[in-house]
Amino acid sequence: MIILVFFGTIAQKDIGLYESQMRYFSSYYFFIGGLIPLPGGRLILLIMTINLAASLFNKNLWKIKKTGIIIVHLGGLLLLLGGGVTAMFSSEGNMVIAEGETSNHVDDYFDMELAFVNTSRNDSLEYTVFDSPLLKDGNSIEYENLGIQIDIISHIENVRIESRISPAESIYKGFLKEFVLLPKNPEKEATQNRPGIVIKLSGLSSEEDGVYGIFLGQRTPDTFKINENLFFTEFRRKRTYLPFSINLLDFEKVMHPGTNVAKSYSSEVNLVENSIPRRILIQMNEPLRYQNYTFYQASFIDGLDKETTVLATVKNYGRLFPYVSSIIMSIGLLIHLLMSLPAMLKKRK
Amino acid sequence: MFKNIVFILFLSFIFISCEKNKYVRTYRLPKKSMKSVQPEVQGNSEFSISWKKPRDWIEVEGHSMRLASFNAPHSKGIGDVSITTFGGSSGGIGPNVNRWLGQIGLEAMSDSDISSISIQKVGLLGKYSYFRLINNADETTAILASIFQLESRTVFVKLSSTLMGLKEIESDFILFCNSIRQAN
């Protein structure tokens, strides 16, 4: 564990926080210098959990005088299980809301999704969203509901956009008729990357079947028709919709005098659920906690006429595990101390 | 024993099969403004054009000579996009490009030099000449311009911005120019 923390901490300098976390702590194994395999954070914690659970089967442990130790073990086990729940089921992202606007979705920091949006309905947009596990190079998705086939030609972690220097072949459609998406070295902070994807669409029409390029933040989406319905595509951060919405009433920031460094900033919001608004102030170190979600005041964007708040959003089912397990372990230690006290006092006498 | 293994494999197969659908979701959301994917139409009775603007461009009131004006945001400010149209050749390509070169502090060029820096592109309105006018000594203003020379009319589409902003907006600008089409 010490070795892991050492390598993970050193690596942050070169590869950034997210990549380091993924490589050393959220992995089952990693290689030092590309040669020597070492267990990653998940494997170590898994072994520790099995070891701790197995120790509970030790017959010598199940004695009245070891009640405190048993409780401490159970508390430790609960802590590790909580870590597992957090690792498997928690999600992190951010919610970006401009003043006066309302949002009900969180954008994941890292996971991407490909959305096909049907604009032909009168009152609504119909989204068909493909998650990142399907968007791997070479993968082919036959989606019968739309009657199309999507071949993933390349999923690029960070793209740079270059104008074509010669006319594109007829297979390239929309944006790719004028530009090419080329891979670029990933940024140190993964959130700074601009991911892109090149896909081949079949089943539209002979004119529209072809290769399309889509990237994060594309402002002019390519459009095409599927069964006479007008669609456009979006390659965006994975979106999670919330059962409530947040309306930003006012964003305030206080700067350190004479600098551009923010001293404090806060968002006055309406949390709207079932059309009932509730006014809340979110500020640094005072997050909003609601329905397993925690909204932290993380950043802001200065706009031309209004400001935009950025709320870091964490959903963590395992949030209470550390608190509960710490209490259990404390109780266990206390019981163990109290039960050992007579013997200790007797020894001293 | 063999039966158990087959049963486990069968269950695994079922769960693996279910996995794929887990990664596809469909849902509907109420429609807001769909201006970014639906063409907007501007013009008069004799000539009107439509276009598909990037979703974060904001149409603003412009000069009376302009058919349309947009604020095109980039990470450090906004670029100014304009569409103007005039009957006939409107002086031709050379004088207009030289006027823009003057606006960014560059010397006028000869017709042959101008044609050498022009890039020929094809949009829905037809062929057009595309110019990337940059003064490396002054990065505060740079210009992208497209000139559509139609039969009886010329359409100018121009973006003025800082050099950095221009680089950010260029792909949107070209797609915008490509999307312009005659509406009547």
# chains A, B, ... in the order shown; residues from 1 in each chain; ligands from 1
$ closest_atom_pairs --of "chain B" --to "chain A" --cutoff "8 Å" --atoms "only C-alpha atoms" --output "Markdown table"
| residue | atom | partner | partner_atom | distance |
| --- | --- | --- | --- | --- |
| B:Lys20 | CA | A:Leu134 | CA | 8.0 |
| B:Tyr23 | CA | A:Asp131 | CA | 5.0 |
| B:Val24 | CA | A:Phe130 | CA | 4.8 |
| B:Arg25 | CA | A:Val129 | CA | 5.1 |
| B:Thr26 | CA | A:Thr128 | CA | 4.4 |
| B:Tyr27 | CA | A:Tyr127 | CA | 5.3 |
| B:Arg28 | CA | A:Glu126 | CA | 4.4 |
| B:Leu29 | CA | A:Ser124 | CA | 5.3 |
| B:Pro30 | CA | A:Ser124 | CA | 4.2 |
| B:Lys31 | CA | A:Ser124 | CA | 4.5 |
| B:Ser36 | CA | A:Thr220 | CA | 7.1 |
| B:Val37 | CA | A:Pro221 | CA | 7.3 |
| B:Lys52 | CA | A:Thr220 | CA | 7.8 |
| B:Lys53 | CA | A:Thr220 | CA | 6.9 |
| B:Pro54 | CA | A:Thr220 | CA | 4.5 |
| B:Arg55 | CA | A:Arg219 | CA | 5.3 |
| B:Asp56 | CA | A:Arg219 | CA | 6.6 |
| B:Gly77 | CA | A:Leu304 | CA | 8.0 |
| B:Ser171 | CA | A:Phe179 | CA | 7.8 |
| B:Asp172 | CA | A:Thr220 | CA | 6.4 |
| B:Leu175 | CA | A:Thr220 | CA | 7.1 |
| B:Phe176 | CA | A:Thr220 | CA | 7.8 |
$ residues_around --residues "Pro322 in chain A" --least-positions-apart "6" --cutoff "10 Å" --atoms "only C-alpha atoms" --output "mmCIF file with C-alpha atoms, in the first residue's frame"
data_model
loop_
_atom_site.group_PDB
_atom_site.id
_atom_site.type_symbol
_atom_site.label_atom_id
_atom_site.label_comp_id
_atom_site.auth_asym_id
_atom_site.auth_seq_id
_atom_site.Cartn_x
_atom_site.Cartn_y
_atom_site.Cartn_z
ATOM 1 C CA GLY A 75 -16.304 -2.018 11.447
ATOM 2 C CA GLY A 76 -13.161 -2.395 9.304
ATOM 3 C CA LEU A 78 -17.837 -2.290 6.632
ATOM 4 C CA LEU A 79 -15.328 0.467 5.808
ATOM 5 C CA LEU A 80 -13.805 -1.659 3.034
ATOM 6 C CA LEU A 81 -17.241 -2.626 1.710
ATOM 7 C CA GLY A 82 -18.162 1.062 1.679
ATOM 8 C CA GLY A 83 -15.016 1.722 -0.364
ATOM 9 C CA ILE A 328 -18.594 0.863 15.111
#
$ atom_distance --atom1 "CA of Gly105 in chain B" --atom2 "CA of Ser161 in chain B"
14.0 Å
$ atom_distance --atom1 "CA of Glu139 in chain B" --atom2 "CA of Leu106 in chain B"
12.1 Å
$ closest_residue --among "A:Asn60, A:Ser27, A:Gln21, A:Gln149" --to "Thr9 in chain A" --atoms "only C-alpha atoms"
A:Gln21
$ select_by_dssp --residues "range 8-184 of chain B" --states "strand (DSSP E)" --output "PyMOL selection string"
chain B and resi 24-30+40-43+48-51+58-60+66-74+77-87+119-123+126-134+142-149+153-161+181-182
$ closest_residue --among "B:Phe70, B:Phe173, B:Phe86, B:Trp100" --to "Phe148 in chain B" --atoms "only C-alpha atoms"
B:Phe86
